[in-house]
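Containing CSV, N, CA and C atoms: coords_38.csv.
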chain,number,residue,atom,x,y,z
A,19,MET,N,0.8,-1.2,0.0
A,19,MET,CA,0.0,0.0,0.0
A,19,MET,C,0.8,1.3,0.0
A,20,ALA,N,2.0,1.3,0.7
A,20,ALA,CA,2.8,2.5,0.8
A,20,ALA,C,3.4,2.9,-0.5
A,21,LEU,N,3.7,1.9,-1.3
A,21,LEU,CA,4.3,2.2,-2.6
A,21,LEU,C,3.3,2.8,-3.6
A,22,LYS,N,2.1,2.3,-3.5
A,22,LYS,CA,1.0,2.8,-4.3
A,22,LYS,C,0.7,4.3,-3.9
A,23,ASP,N,0.6,4.6,-2.6
A,23,ASP,CA,0.4,5.9,-2.1
A,23,ASP,C,1.5,6.9,-2.6
A,24,LEU,N,2.7,6.4,-2.5
A,24,LEU,CA,3.9,7.2,-2.9
A,24,LEU,C,3.8,7.5,-4.4
A,25,TYR,N,3.4,6.5,-5.2
A,25,TYR,CA,3.3,6.8,-6.6
A,25,TYR,C,2.2,7.8,-6.9
A,26,GLN,N,1.0,7.6,-6.3
A,26,GLN,CA,-0.1,8.5,-6.5
A,26,GLN,C,0.2,9.9,-6.1
A,27,GLY,N,1.0,10.1,-5.0
A,27,GLY,CA,1.4,11.4,-4.5
A,27,GLY,C,2.3,12.1,-5.5
A,28,GLY,N,3.3,11.3,-6.0
A,28,GLY,CA,4.2,11.9,-6.9
A,28,GLY,C,3.5,12.2,-8.2
A,29,ARG,N,2.6,11.4,-8.6
A,29,ARG,CA,1.8,11.8,-9.8
A,29,ARG,C,1.0,13.0,-9.7
A,30,ALA,N,0.4,13.2,-8.5
A,30,ALA,CA,-0.4,14.4,-8.2
A,30,ALA,C,0.5,15.7,-8.2
A,31,ILE,N,1.7,15.6,-7.6
A,31,ILE,CA,2.6,16.7,-7.6
A,31,ILE,C,3.1,17.0,-9.0
A,32,THR,N,3.4,16.0,-9.8
A,32,THR,CA,3.8,16.3,-11.2
A,32,THR,C,2.7,16.9,-12.0
A,33,LYS,N,1.5,16.5,-11.8
A,33,LYS,CA,0.3,17.1,-12.5
A,33,LYS,C,0.2,18.5,-12.1
A,34,ALA,N,0.3,18.8,-10.8
A,34,ALA,CA,0.1,20.2,-10.3
A,34,ALA,C,1.2,21.1,-10.8
A,35,LEU,N,2.5,20.6,-10.9
A,35,LEU,CA,3.6,21.4,-11.4
A,35,LEU,C,3.4,21.7,-12.9
A,36,GLY,N,2.8,20.7,-13.6
A,36,GLY,CA,2.6,20.9,-15.0
A,36,GLY,C,1.6,22.0,-15.3
A,37,VAL,N,0.5,22.1,-14.4
A,37,VAL,CA,-0.5,23.1,-14.6
A,37,VAL,C,0.2,24.5,-14.3
A,38,THR,N,1.0,24.5,-13.2
A,38,THR,CA,1.7,25.8,-12.8
A,38,THR,C,2.6,26.2,-13.9
A,39,LEU,N,3.4,25.3,-14.5
A,39,LEU,CA,4.4,25.7,-15.5
A,39,LEU,C,3.7,26.1,-16.8
A,40,LYS,N,2.5,25.5,-17.1
A,40,LYS,CA,1.8,25.9,-18.3
A,40,LYS,C,1.3,27.3,-18.2
A,41,HIS,N,0.8,27.7,-17.0
A,41,HIS,CA,0.3,29.1,-16.8
A,41,HIS,C,1.5,30.1,-16.6
A,42,LEU,N,2.6,29.6,-16.2
A,42,LEU,CA,3.7,30.5,-15.9
A,42,LEU,C,4.3,31.2,-17.2
A,43,PHE,N,4.2,30.5,-18.3
A,43,PHE,CA,4.8,31.0,-19.5
A,43,PHE,C,3.8,31.6,-20.5
A,44,GLN,N,2.5,31.7,-20.0
A,44,GLN,CA,1.5,32.4,-20.9
A,44,GLN,C,1.5,33.9,-20.6
A,45,PRO,N,1.2,34.7,-21.5
A,45,PRO,CA,1.1,36.2,-21.2
A,45,PRO,C,0.0,36.5,-20.3
A,46,PRO,N,0.2,37.5,-19.4
A,46,PRO,CA,-0.9,37.8,-18.5
A,46,PRO,C,-2.1,38.4,-19.2
A,47,VAL,N,-3.2,38.1,-18.6
A,47,VAL,CA,-4.5,38.5,-19.2
A,47,VAL,C,-5.1,39.6,-18.2
A,48,THR,N,-5.2,40.8,-18.7
A,48,THR,CA,-5.8,41.8,-17.8
A,48,THR,C,-7.1,42.3,-18.4
A,49,VAL,N,-8.1,42.3,-17.6
A,49,VAL,CA,-9.5,42.7,-18.0
A,49,VAL,C,-9.7,44.1,-17.5
A,50,GLU,N,-10.0,45.0,-18.4
A,50,GLU,CA,-10.3,46.3,-18.0
A,50,GLU,C,-11.7,46.4,-17.4
A,51,SER,N,-11.8,47.2,-16.4
A,51,SER,CA,-13.1,47.4,-15.8
A,51,SER,C,-13.9,48.4,-16.6
A,52,PRO,N,-15.2,48.3,-16.6
A,52,PRO,CA,-16.0,49.2,-17.5
A,52,PRO,C,-15.8,50.6,-16.9
A,53,ASP,N,-16.0,51.5,-17.9
A,53,ASP,CA,-15.9,53.0,-17.5
A,53,ASP,C,-17.1,53.3,-16.6
A,54,ARG,N,-16.8,53.8,-15.4
A,54,ARG,CA,-17.9,54.2,-14.5
A,54,ARG,C,-17.3,55.4,-13.7
A,55,GLU,N,-18.2,56.1,-13.1
A,55,GLU,CA,-17.8,57.3,-12.3
A,55,GLU,C,-17.1,56.8,-11.1
A,56,PRO,N,-16.0,57.5,-10.7
A,56,PRO,CA,-15.3,57.1,-9.5
A,56,PRO,C,-16.2,57.4,-8.2
A,57,ILE,N,-15.9,56.7,-7.2
A,57,ILE,CA,-16.6,56.8,-5.9
A,57,ILE,C,-16.2,58.2,-5.3
A,58,MET,N,-17.1,59.0,-5.0
A,58,MET,CA,-16.8,60.3,-4.5
A,58,MET,C,-16.5,60.2,-3.0
A,59,VAL,N,-15.3,60.8,-2.6
A,59,VAL,CA,-14.9,60.8,-1.3
A,59,VAL,C,-14.8,62.3,-0.8
A,60,TYR,N,-15.2,62.5,0.4
A,60,TYR,CA,-15.2,63.9,0.9
A,60,TYR,C,-13.7,64.4,0.9
A,61,PRO,N,-13.5,65.7,0.5
A,61,PRO,CA,-12.2,66.2,0.4
A,61,PRO,C,-11.3,66.1,1.6
A,62,ARG,N,-11.9,66.2,2.8
A,62,ARG,CA,-11.2,66.2,4.0
A,62,ARG,C,-11.0,64.8,4.6
A,63,PHE,N,-11.5,63.8,3.9
A,63,PHE,CA,-11.4,62.4,4.4
A,63,PHE,C,-10.0,61.9,4.5
A,64,ARG,N,-9.5,61.4,5.6
A,64,ARG,CA,-8.1,61.0,5.8
A,64,ARG,C,-8.0,59.5,5.8
A,65,GLY,N,-9.1,58.8,5.6
A,65,GLY,CA,-9.0,57.3,5.6
A,65,GLY,C,-8.9,56.7,6.9
A,66,ARG,N,-9.3,57.4,8.0
A,66,ARG,CA,-9.3,56.8,9.3
A,66,ARG,C,-10.7,56.3,9.7
A,67,HIS,N,-10.7,55.1,10.3
A,67,HIS,CA,-11.9,54.6,10.8
A,67,HIS,C,-11.8,54.3,12.3
A,68,TYR,N,-12.8,54.9,13.0
A,68,TYR,CA,-12.7,54.7,14.5
A,68,TYR,C,-13.9,53.9,14.9
Spell out the structure here as structure tokens.
Amino acid sequence: MALKDLYQGGRAITKALGVTLKHLFQPPVTVESPDREPIMVYPRFRGRHY
């Protein structure tokens, strides 16, 4: 049983590394958000929350 588990674990790691390497060498995909009005913030807002 231990040899079978070791084989399945190695196979899973190899499969995961394959997926990672496949995506590593692809160009990044950036999706632009739709044009919308920016959220209005009060001019004196300092970003503090109490």
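In this model, the gap between atom CA of Pro45 of chain A and atom N of Ile31 of chain A comes to 24.7 Å.
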Which of chain A DSSP labels alpha helix (DSSP H), written as an MDAnalysis selection string = chainID A and resid 20:42
Quote the spacing between atom CA of Phe43 of chain A and atom CA of Leu24 of chain A in Å to one decimal place.
-> 29.0 Å
Can you work out the spacing between atom N of Val37 of chain A and atom N of Met19 of chain A in Å, to one decimal?
-> 27.4 Å
Can you sort out the box for segment 54-64 of chain A, edges along x, y and z, all listed atoms in, 6 Å on every side, with centre and edge lengths in Å to one decimal, as lines of an AutoDock Vina configuration file?
center_x = -13.1
center_y = 60.0
center_z = -4.8
size_x = 22.2
size_y = 24.4
size_z = 33.2
